[in-house]
Amino acid sequence: MNKNSSNMMALAPNTSNKRETVCIFGTGDFGRALGHKMIQSGYPVVYGSRSTQISNLIPKDAEVLSHAEAAQKAAIIIIAIQRQHYNFLTPLAEVLRGKVLVDISNNLKLNQYPESNAEYLAQLLPGSKVVKAFNTVSAWALQSGTLDASRQVFVCGDDVEAKQMVMNIVRALGLTPLDKGSLLAAQEIENYPLQLFPMWRFPIFLSLGLTAFFFLYCVALDIIYTYIYENNNFSFFIAITIPNRVCPVMALVLLALVYVPGIFAAIIQLYRGTKYRRFPDWLDKWMLCRKQLGLIALAFASLHAVFTLVTPMRAFVSWRTGKGIISQALNNKTEPLDHTNAWLSDSYLALGILGFFLFVLLGITSLPSVSNNVNWREFRFVQSKLGYLALILCTAHTLVYGGKWFLSPSAYKWYLPNIYILSLIVPCAVLVVKFVLIFPCIDKPLTQIRQGWERNPKYSE
Amino acid sequence: MNKNSSNMMALAPNTSNKRETVCIFGTGDFGRALGHKMIQSGYPVVYGSRSTQISNLIPKDAEVLSHAEAAQKAAIIIIAIQRQHYNFLTPLAEVLRGKVLVDISNNLKLNQYPESNAEYLAQLLPGSKVVKAFNTVSAWALQSGTLDASRQVFVCGDDVEAKQMVMNIVRALGLTPLDKGSLLAAQEIENYPLQLFPMWRFPIFLSLGLTAFFFLYCVALDIIYTYIYENNNFSFFIAITIPNRVCPVMALVLLALVYVPGIFAAIIQLYRGTKYRRFPDWLDKWMLCRKQLGLIALAFASLHAVFTLVTPMRAFVSWRTGKGIISQALNNKTEPLDHTNAWLSDSYLALGILGFFLFVLLGITSLPSVSNNVNWREFRFVQSKLGYLALILCTAHTLVYGGKWFLSPSAYKWYLPNIYILSLIVPCAVLVVKFVLIFPCIDKPLTQIRQGWERNPKYSE
Amino acid sequence: MNKNSSNMMALAPNTSNKRETVCIFGTGDFGRALGHKMIQSGYPVVYGSRSTQISNLIPKDAEVLSHAEAAQKAAIIIIAIQRQHYNFLTPLAEVLRGKVLVDISNNLKLNQYPESNAEYLAQLLPGSKVVKAFNTVSAWALQSGTLDASRQVFVCGDDVEAKQMVMNIVRALGLTPLDKGSLLAAQEIENYPLQLFPMWRFPIFLSLGLTAFFFLYCVALDIIYTYIYENNNFSFFIAITIPNRVCPVMALVLLALVYVPGIFAAIIQLYRGTKYRRFPDWLDKWMLCRKQLGLIALAFASLHAVFTLVTPMRAFVSWRTGKGIISQALNNKTEPLDHTNAWLSDSYLALGILGFFLFVLLGITSLPSVSNNVNWREFRFVQSKLGYLALILCTAHTLVYGGKWFLSPSAYKWYLPNIYILSLIVPCAVLVVKFVLIFPCIDKPLTQIRQGWERNPKYSE
C-alpha cells in the first residue's frame, strides 16, 4: 500500500486544507524538497528565512516570512539548517518555547561531534521538544517521487506527543515512521545514512583475496603448466573452467569459515570454564559477520551450480565428447557401462544437489522477513542443524568428486596439490572438531557453561 | 508468531471473560464474521439491530438488542452498515457521544465519494471518536480462519486513545494493526482493497505487447521463411526455440528501459539548469514503474536461463548433435578443436552467467524486507552501480553471442535483421549516453543541480 | 540498521550516563546476560539479591543490594526469577507499588499453568504495572552479541506508559519491540519460544511418508524388477534416477493437495447452504497448512528441476547417448528427425518450465514481506488464479511426458502402474471438480453463500 498509494499522491496531489501548518526554517535543498512534498500532501507550509524575498526555488504555494513570524504560525518547526548555524536559534528561544522542533540534519562523518545534532539542539533550546526525523530520506528521492528504497523514517525524541505529531506527518507523506525511542538514539540515527555495508566489508575483502589466490593458482596449474609441458593452449579455460573450479572451492571454504568461530568459542569456554568473560576481539568480529560469510558462500555455490549446468553447451565439451565417441566408432567397439563410474558420477551429483538445496534453504531463512517469523529455537534448529548437514553434504560431494585423484601423481603438477584438496582442509577440520564436541562427555559441561554454570566461581567478600 | 498463534486461537477459542464488551451495529456478512471471530478471542459481543429477533446467523453467544441499548453496553461500537444508511445514526448522537465508532466500510469504486466514509461518519457524529479499521480484511478469511494473506489491518483516526483501543482488539484477533495516522488517511485506506496491482499494469501490458511482436517476428523468420524457402518444417520451434529467443530479447530491452527514464531526467535537468521543475507526466509515471519493469525483465531472464539449460535434453538437439558426430565418423576424420569458437562460446556463457547473477542480486535487494534493511546510500549503490554492471554484462553477452552473424547476409532473411540485433538498440543507446553523462564536465553540473543549485535563479522582489 | 548499529554498540559500548537506572531481581543466567547488555547500552544496573556478596558472575559495573533497597533505586524492575518463587515478592508489595515490573519468564511446556506467569505476577502485586517482555530472546544470544535470529521482542501489558518505558529499553538494546496488546496476550507470548514449527509438522510427516512409499515403489519396479527379469544391475539409479522420479510425483501430488480442502469446503457449503457452520476439524487443520504443503511441493519441484538439468552430466547418460550414436555410425545410417518426438519433447519441457516458473512466483508471493505488500484481492488473484494455472501446466507436463506409455504394456511391470500414472490421480480429480464448480449454475449460489446468504435461514422468535 505504502508504495502505490504514495505514488498516487505524487501524481494527484491531495489539496485538502485540513492539515495543520508546518514551518520550515531554511530554504536549502532539503528544506525545499520537503516543503514541496508537504504541500503535495496537503500541508500549508511557511518558510522562515533571513531574506523574505520570494525566490522561485521555493514552492509556489508556500509563504516566506521572517523566522520569528513563521515560527508563530505553526506548532511544528522543521530545522533545515546546518548544525554550525544552530546557535542563531538561541535568540528565538522564547518564540520556540513549547514548539516541536524537527532536527533533520546529517553529518559528513560517523560520530563527527561528541553529541548528536539533535541532542545539541535540545541543549540549546531546552524549552522546545526536539524530535529527530527525516535524515535517512534523500532530498533527491523526495523531489522526484521515486522512493524505491526504504520508505522507513527513523524517529526519536523524548516527548511522546511531539513524536506522534511528527510520525503523523511522516505517514501523510507516504513514508513509514519507525520509533527508535528517546533522543539518545539520535546519534545512531545520524550515523545510519553514512554507512555503506559496514558488516559486509571484511567478508567481501576476504572473499576477493581468496578468489584471486585460487584463480591464479588454477591459471598456473591448468593453463601455464599445460602450455609449458604439454604444449596445449587452454587459455579459454579462464572463462568457465577455472571460475567453475574456484567457485565451489570458495563456497566450501567460506561455508566452513561460518562454523569456525562457533567451534573456537566452544573451545575457549571449555578451557575457561565460564561464559562470563568476553571473547577476544577478532572472534567477536568474526561471529558478527557469519551471516555475511554464509551468504557470500551461497553466491559462490549458485555460480558453481550454473557454471556446471552450462557445461554441455560449451563448444569445448561438445568437441571432446564427439571426439570420444568418434574414436570408439572408428575402432568399431562400444565400451560397456562402467558401473563404478556411474555410481561415483551419480553420487557426487546427488550429494551436491542436496547440499546446495539445504544451502539455499539456509539463505531463504536468513531473509529478514522470514527470520522474523521464526523463534529462537526454530532459528537455531535451521541454522545449526541444517547448516552442519549442508556442510557435511558439500564436503562429501567434494570428496567423492575428487576421490580418485587424491593418490594419482598426475594430480600434483609442480608438486602442488589440486585446489579441491586445499579446499577440503578447513571443512574437514571443522567437521572433525565438531564431531568431538558433540561427544556427551564434552557436550554436557559445555551446555552447563552456556546455561550460566562456572567451573571456578570466585566470590569476593 | 502471528500466524501460528492466531491459528491456535482459531482452533482453541480463548474463553477468558476479561475483555471489554464490543458492540456491533448491523448483522450483515462482515458484522457476523467479525462477531464470530471476536467471540472466539474472548470478547463479549452485543449486536445492535432494528429487529431484535435472534437469527441463527448471529453467533450463539452474542446478545441482540436495539441500537440504543446495545450502544450503552460498550465503549466501542463497530459500524457494520453501509454508508448510505449512516444518516440513521444521527438520532443516536447522544447515546454515541464519547464512544469509539469503528468504520469498517468499503466502497465499490476508487474515490467513489468526495470524502471518505469514515470522515463522513465523523461529520455526522462530531461527538464520537471515529476510527477507520478492518476494511482491508476479508469476511470470508475471518470466517474460515485462513488468513494466509496479509494480516495487516490499517488503522487511522484523530483520537490517539481510541486508536489504541481498536489496535488492541486487532491484536487480540491475531492480526497486526498498522497505524496510518489521522482520519485524513481514511480515503487512502478505503481505496486500498480495491486495487489490483495498479503499478504493474503498464509494465505488464508493455511486456505482453512487445512479447507478441517479437514472437510473431520470430515465427515469420524462423518457421515460415524456413518452410517456404528451405522446405523444412520446424513448427516445433514454437515450444522452446522461439520462446528462448524472445525471452532474452525481452529481458535485455526491459532492463534497458529501466535506465532510460533516469537518463531522460538527467538530460532534462541539464537543459533546464534546475531540478525544481516537474518532469513531464509520462516521465514521472515511467520512473515510478522502474522496479516493476526490472522485475519483469528478471522473470524473462530466468525463463531464458532455464530454457537454455534444458537445451541438451531436447530430442531435436540430441538428433542434431548425433548427426554431426556420425557424419564425422563416416568421413573417418576428427575435427580439431576450434580455439576461437571455444573462446567465444565460453565467453558469452560466462558473461551471461555473471549478468544473470547480478540481475538476481538486484531482484533480491528489491524484496521489501531486504530494501528496508539498507539505507539510501546502499540502495543507490546496489541499484545504480550493480544495475549498470548487469546491463553492461548482458549487452556484452548478446554482442559476443551474435557477433559473428552481424555481417553475414544469411542473418538477414527477407532483409529483416535478426531480433537480437533489434534487442541491442536500446541497451547500447543507454550505455553510450550514460557513458557521456559520467564525463566530469557533464557530471559536475548535474551533481550541483541535484544538490539544489540553479543555473538561472530568478528572484522576484 | 538494527543489525549493524546494535553490533557497533556491542563492540563500542556507549558509556553515556543519561539513561535511567534499571533494577534486576535475580542473578541467574538471564538476569546476568540482560544486565551485561544493559550496561553496554549505557543503563546503570542495580541487582536485587538475597545475598549481597558480590560474585564475579555479576557484571563489574553493577551494584548488588537487597531486594528492597534495589527496588527503591529504579522505576523499572526486571523480575529474573522463576515463577515458583514469585510469592516471595508479596512482602515487597509496598516497595513495588507503582513500579513497572517486567516479567521475562518462560515455561517448560505449552500452557503449563492455567494463567500466564505475567498475569499471575499481576494478581500477586495488583499495585504494580506488569509488562511481559524479553522472554523470546535467548540469554546466550544476548551474551555473545550474535542476535542473528529475530530481533523482535514481544511486549504486552495493560499500562500504556509502562509498556512505552519497556519498549524504549528494548530499542536501546538494539532490539525491535512489537506491541502485542494487553496482558491477556502474555499466555501466547510465553508459549511462543517453545514452538518448533508447529504448522510444519503434519505437512513434513505426510511428505516423508509419501516419499518413502514412492521411493520403495520405484526401487521395486526399476531396480529389483530389472535385476530379476532383465538381469541388469541398475542399483546406481538410487542416486539420481529414482529421486528424479519421486520428486516430480511428490511436487504434483502435494500441489494438488493444496487445492483439495478448498474444493471440499465449497462442496460442504453448497450441501449445507450456509457458511455459518464450522467445517469438520480435519478440514480446518488441512486448510491451515496449505501454505506449508505448497512450499514443500515447491521444494520437491526445485529438486526435480535440478536433478533433470544435471542429466547430461551423468556418466550413465553419456554412455547411453554415445552407444546410440555409435550404433548408428556402425550401421552407416543417420536416422531422420522424428518430428512427433521433437514436438513431444519440446512441449513437455516448455510446459514444465512454465509451470515451475509460476510455482516459484507463488513461492515468492508467500514470503511474509511480499504478502504484506499486497491486498486481499491481489493475494487471492495470485494464489488462486496463478495457483490453478500452475497446477494445470504441471499436470499437462506430466500427461505429455507420460502420454505414450499409458497404453504400453511394458509400463506395467508386475501389473503395477508407473508412479507418474499414480501421481496424476489427485491433480486430475481436483481439476475436474474445480472445472464443474466454476460452471455458473454452481458458482453463483456458492458466491451468494460466501457473501452471507443462507438457503434455510431459521429464525427463532
# chains A, B, ... in the order shown; residues from 1 in each chain; ligands from 1
call {"tool": "residues_around", "arguments": {"residues": "stretch 443-459 of chain A", "least_positions_apart": "5", "cutoff": "12 Å", "atoms": "only C-alpha atoms", "output": "ChimeraX atom specification"}}
result
/A:263,265-277,434-438 /C:27-33,51-58,138-144
call {"tool": "residues_around", "arguments": {"residues": "A:Gly363", "least_positions_apart": "3", "cutoff": "12 Å", "atoms": "only C-alpha atoms", "output": "list in words"}}
result
Leu255, Lys291, Gln292, Leu293, Gly294, Leu295, Ile296, Ala297, Leu298, Ala299, Ala301, Ser302, Phe356, Phe357, Leu358, Phe359, Val360, Ser366, Leu367, Pro368, Val370, Ser371, Val382, Gln383, Leu386, Gly387 and Ala390 of chain A; Ile364 of chain B
call {"tool": "select_by_dssp", "arguments": {"residues": "stretch 130-365 of chain A", "states": "strand (DSSP E)", "output": "list in words"}}
result
Val130, Val131, Lys132, Gln152, Val153, Phe154, Val155, Cys156, Gly157, Thr176, Pro177, Leu178 and Asp179 of chain A
call {"tool": "write_last_selection", "arguments": {"atoms": "C-alpha atoms", "output": "short mmCIF file (atom, residue, chain, number, x, y, z; two decimals), in the first residue's frame"}}
result
data_model
loop_
_atom_site.label_atom_id
_atom_site.label_comp_id
_atom_site.auth_asym_id
_atom_site.auth_seq_id
_atom_site.Cartn_x
_atom_site.Cartn_y
_atom_site.Cartn_z
CA VAL A 130 13.19 18.15 19.83
CA VAL A 131 12.39 15.22 17.55
CA LYS A 132 14.92 13.63 15.20
CA GLN A 152 11.32 3.96 6.64
CA VAL A 153 11.88 7.19 8.54
CA PHE A 154 13.58 6.70 11.89
CA VAL A 155 12.07 8.96 14.53
CA CYS A 156 13.29 9.53 18.05
CA GLY A 157 12.58 12.06 20.77
CA THR A 176 6.71 4.68 7.29
CA PRO A 177 7.81 6.09 10.65
CA LEU A 178 9.84 3.81 12.90
CA ASP A 179 10.01 4.81 16.55
#
call {"tool": "closest_residue", "arguments": {"among": "B:Val46, B:Cys23, B:Ala74, B:Val137", "to": "chain C", "atoms": "only C-alpha atoms"}}
result
B:Val137
call {"tool": "atom_distance", "arguments": {"atom1": "atom CA of B:Trp286", "atom2": "atom CA of B:Pro261"}}
result
6.5 Å
call {"tool": "residues_around", "arguments": {"residues": "C:Asn331", "least_positions_apart": "5", "cutoff": "12 Å", "atoms": "only C-alpha atoms", "output": "CSV table (one decimal) with C-alpha atoms, in the first residue's frame"}}
result
chain,number,residue,atom,x,y,z
A,329,ALA,CA,33.2,-45.7,-33.6
A,332,ASN,CA,34.5,-50.4,-34.2
B,326,ILE,CA,28.1,-39.5,-37.2
B,329,ALA,CA,32.7,-40.7,-38.1
B,330,LEU,CA,31.6,-41.7,-41.5
C,324,GLY,CA,23.2,-44.9,-29.6
C,325,ILE,CA,25.3,-42.7,-31.9
C,326,ILE,CA,28.0,-45.4,-32.3
call {"tool": "select_by_dssp", "arguments": {"residues": "stretch 341-398 of chain C", "states": "alpha helix (DSSP H)", "output": "VMD selection string"}}
result
chain C and resid 341 to 365 368 to 371 376 to 380 387 to 398
call {"tool": "write_last_selection", "arguments": {"atoms": "N, CA and C atoms", "output": "CSV table (one decimal), in the first residue's frame"}}
result
chain,number,residue,atom,x,y,z
C,341,ASN,N,8.3,-36.7,-32.1
C,341,ASN,CA,9.1,-36.8,-30.9
C,341,ASN,C,9.7,-35.4,-30.5
C,342,ALA,N,10.1,-34.7,-31.5
C,342,ALA,CA,10.6,-33.3,-31.3
C,342,ALA,C,9.5,-32.5,-30.7
C,343,TRP,N,8.3,-32.6,-31.2
C,343,TRP,CA,7.2,-31.8,-30.6
C,343,TRP,C,6.9,-32.2,-29.2
C,344,LEU,N,6.8,-33.5,-29.0
C,344,LEU,CA,6.5,-34.0,-27.6
C,344,LEU,C,7.6,-33.6,-26.6
C,345,SER,N,8.9,-33.8,-27.0
C,345,SER,CA,10.0,-33.5,-26.1
C,345,SER,C,10.0,-32.0,-25.8
C,346,ASP,N,9.8,-31.1,-26.8
C,346,ASP,CA,9.8,-29.7,-26.5
C,346,ASP,C,8.6,-29.3,-25.8
C,347,SER,N,7.5,-29.9,-26.0
C,347,SER,CA,6.2,-29.4,-25.3
C,347,SER,C,6.3,-29.7,-23.9
C,348,TYR,N,6.7,-31.0,-23.5
C,348,TYR,CA,6.7,-31.3,-22.1
C,348,TYR,C,7.7,-30.5,-21.3
C,349,LEU,N,8.9,-30.2,-22.0
C,349,LEU,CA,9.8,-29.3,-21.3
C,349,LEU,C,9.3,-27.9,-21.1
C,350,ALA,N,8.7,-27.4,-22.2
C,350,ALA,CA,8.1,-26.0,-22.1
C,350,ALA,C,7.0,-25.9,-21.1
C,351,LEU,N,6.1,-26.9,-21.0
C,351,LEU,CA,5.1,-26.9,-20.0
C,351,LEU,C,5.7,-27.0,-18.6
C,352,GLY,N,6.7,-27.8,-18.5
C,352,GLY,CA,7.3,-28.0,-17.2
C,352,GLY,C,7.9,-26.7,-16.7
C,353,ILE,N,8.6,-26.0,-17.7
C,353,ILE,CA,9.3,-24.8,-17.3
C,353,ILE,C,8.3,-23.7,-16.9
C,354,LEU,N,7.2,-23.6,-17.7
C,354,LEU,CA,6.2,-22.5,-17.4
C,354,LEU,C,5.6,-22.8,-16.0
C,355,GLY,N,5.2,-24.1,-15.8
C,355,GLY,CA,4.6,-24.5,-14.6
C,355,GLY,C,5.5,-24.2,-13.4
C,356,PHE,N,6.8,-24.5,-13.5
C,356,PHE,CA,7.7,-24.3,-12.5
C,356,PHE,C,7.9,-22.8,-12.2
C,357,PHE,N,7.9,-22.0,-13.3
C,357,PHE,CA,8.0,-20.6,-13.2
C,357,PHE,C,6.9,-20.0,-12.3
C,358,LEU,N,5.7,-20.4,-12.7
C,358,LEU,CA,4.5,-19.9,-11.9
C,358,LEU,C,4.6,-20.4,-10.4
C,359,PHE,N,5.1,-21.6,-10.3
C,359,PHE,CA,5.2,-22.2,-8.9
C,359,PHE,C,6.2,-21.3,-8.1
C,360,VAL,N,7.3,-21.0,-8.7
C,360,VAL,CA,8.3,-20.1,-8.0
C,360,VAL,C,7.7,-18.8,-7.7
C,361,LEU,N,6.9,-18.2,-8.6
C,361,LEU,CA,6.2,-16.9,-8.4
C,361,LEU,C,5.3,-17.0,-7.2
C,362,LEU,N,4.5,-18.2,-7.1
C,362,LEU,CA,3.7,-18.4,-5.9
C,362,LEU,C,4.5,-18.4,-4.6
C,363,GLY,N,5.7,-19.1,-4.7
C,363,GLY,CA,6.5,-19.1,-3.5
C,363,GLY,C,7.0,-17.8,-3.1
C,364,ILE,N,7.4,-17.0,-4.1
C,364,ILE,CA,7.9,-15.6,-3.7
C,364,ILE,C,6.8,-14.8,-3.1
C,365,THR,N,5.6,-14.9,-3.6
C,365,THR,CA,4.5,-14.0,-3.0
C,365,THR,C,4.1,-14.5,-1.7
C,368,PRO,N,6.7,-13.5,3.7
C,368,PRO,CA,5.9,-12.5,4.5
C,368,PRO,C,6.0,-11.1,4.0
C,369,SER,N,7.2,-10.6,3.7
C,369,SER,CA,7.3,-9.2,3.3
C,369,SER,C,6.7,-8.9,2.0
C,370,VAL,N,6.5,-9.9,1.1
C,370,VAL,CA,5.8,-9.6,-0.1
C,370,VAL,C,4.3,-9.7,0.1
C,371,SER,N,3.9,-10.7,0.8
C,371,SER,CA,2.4,-10.8,1.0
C,371,SER,C,1.9,-9.7,1.9
C,376,TRP,N,-5.9,-8.1,-0.1
C,376,TRP,CA,-6.6,-9.4,-0.2
C,376,TRP,C,-6.9,-9.8,-1.6
C,377,ARG,N,-7.4,-8.8,-2.4
C,377,ARG,CA,-7.8,-9.1,-3.7
C,377,ARG,C,-6.6,-9.6,-4.6
C,378,GLU,N,-5.5,-8.9,-4.4
C,378,GLU,CA,-4.3,-9.3,-5.1
C,378,GLU,C,-3.8,-10.6,-4.7
C,379,PHE,N,-3.8,-10.9,-3.4
C,379,PHE,CA,-3.3,-12.2,-2.9
C,379,PHE,C,-4.2,-13.3,-3.5
C,380,ARG,N,-5.5,-13.2,-3.4
C,380,ARG,CA,-6.4,-14.2,-4.0
C,380,ARG,C,-6.1,-14.4,-5.5
C,387,GLY,N,-2.2,-20.1,-9.1
C,387,GLY,CA,-2.0,-21.4,-8.5
C,387,GLY,C,-2.7,-22.5,-9.3
C,388,TYR,N,-3.9,-22.3,-9.7
C,388,TYR,CA,-4.6,-23.3,-10.6
C,388,TYR,C,-3.9,-23.4,-11.9
C,389,LEU,N,-3.4,-22.2,-12.5
C,389,LEU,CA,-2.7,-22.3,-13.7
C,389,LEU,C,-1.5,-23.1,-13.6
C,390,ALA,N,-0.7,-23.0,-12.5
C,390,ALA,CA,0.5,-23.8,-12.3
C,390,ALA,C,0.1,-25.3,-12.2
C,391,LEU,N,-1.0,-25.6,-11.5
C,391,LEU,CA,-1.4,-27.0,-11.4
C,391,LEU,C,-1.8,-27.5,-12.7
C,392,ILE,N,-2.5,-26.7,-13.6
C,392,ILE,CA,-2.9,-27.2,-14.9
C,392,ILE,C,-1.6,-27.4,-15.7
C,393,LEU,N,-0.7,-26.5,-15.7
C,393,LEU,CA,0.6,-26.7,-16.5
C,393,LEU,C,1.4,-27.9,-16.1
C,394,CYS,N,1.5,-28.1,-14.7
C,394,CYS,CA,2.3,-29.2,-14.2
C,394,CYS,C,1.6,-30.5,-14.6
C,395,THR,N,0.3,-30.6,-14.5
C,395,THR,CA,-0.5,-31.8,-14.8
C,395,THR,C,-0.3,-32.1,-16.3
C,396,ALA,N,-0.4,-31.0,-17.1
C,396,ALA,CA,-0.2,-31.2,-18.6
C,396,ALA,C,1.2,-31.7,-18.9
C,397,HIS,N,2.2,-31.1,-18.2
C,397,HIS,CA,3.6,-31.6,-18.3
C,397,HIS,C,3.7,-33.1,-18.1
C,398,THR,N,3.1,-33.5,-17.0
C,398,THR,CA,3.2,-35.0,-16.7
C,398,THR,C,2.4,-35.8,-17.7
call {"tool": "atom_distance", "arguments": {"atom1": "atom CA of A:Ser66", "atom2": "atom CA of A:Ile79"}}
result
13.9 Å
call {"tool": "closest_residue", "arguments": {"among": "C:Leu257, C:Lys18, C:Gly322, C:Val430", "to": "A:Glu119", "atoms": "only C-alpha atoms"}}
result
C:Lys18
call {"tool": "atom_distance", "arguments": {"atom1": "atom CA of B:Ile242", "atom2": "atom CA of B:Thr308"}}
result
11.4 Å
call {"tool": "residues_around", "arguments": {"residues": "C:His85", "least_positions_apart": "3", "cutoff": "12 Å", "atoms": "only C-alpha atoms", "output": "list in words"}}
result
Phe25, Gly26, Ile79, Ala80, Ile81, Gln82, Phe88, Leu89, Thr90, Ser105, Asn117, Tyr120, Leu121 and Leu124 of chain C
call {"tool": "write_last_selection", "arguments": {"atoms": "N, CA and C atoms", "output": "tab-separated table (two decimals), in the first residue's frame"}}
result
chain	number	residue	atom	x	y	z
C	25	PHE	N	15.92	-8.15	39.56
C	25	PHE	CA	15.77	-9.09	40.67
C	25	PHE	C	16.23	-10.45	40.18
C	26	GLY	N	17.23	-11.01	40.82
C	26	GLY	CA	17.68	-12.35	40.43
C	26	GLY	C	18.98	-12.27	39.68
C	79	ILE	N	12.05	-8.82	36.62
C	79	ILE	CA	11.89	-9.96	37.52
C	79	ILE	C	12.51	-11.18	36.86
C	80	ALA	N	13.81	-11.41	37.13
C	80	ALA	CA	14.51	-12.52	36.50
C	80	ALA	C	14.57	-13.71	37.44
C	81	ILE	N	13.42	-14.05	38.00
C	81	ILE	CA	13.36	-15.22	38.89
C	81	ILE	C	12.25	-16.13	38.40
C	82	GLN	N	12.24	-17.37	38.89
C	82	GLN	CA	11.27	-18.32	38.35
C	82	GLN	C	9.89	-18.17	38.98
C	88	PHE	N	7.52	-14.87	46.94
C	88	PHE	CA	8.38	-14.17	47.89
C	88	PHE	C	8.35	-12.65	47.66
C	89	LEU	N	7.75	-12.24	46.52
C	89	LEU	CA	7.66	-10.80	46.22
C	89	LEU	C	6.53	-10.12	46.99
C	90	THR	N	5.55	-10.90	47.45
C	90	THR	CA	4.38	-10.28	48.09
C	90	THR	C	4.75	-9.39	49.29
C	105	SER	N	9.85	-14.33	32.28
C	105	SER	CA	9.93	-15.78	32.50
C	105	SER	C	9.38	-16.58	31.33
C	117	ASN	N	2.42	-16.52	33.42
C	117	ASN	CA	3.25	-16.06	34.52
C	117	ASN	C	3.05	-14.57	34.78
C	120	TYR	N	-0.19	-13.95	36.56
C	120	TYR	CA	-0.04	-14.42	37.94
C	120	TYR	C	0.70	-13.36	38.76
C	121	LEU	N	1.76	-12.79	38.19
C	121	LEU	CA	2.51	-11.74	38.87
C	121	LEU	C	1.63	-10.52	39.13
C	124	LEU	N	-0.58	-11.18	42.03
C	124	LEU	CA	0.14	-11.12	43.31
C	124	LEU	C	0.40	-9.69	43.74
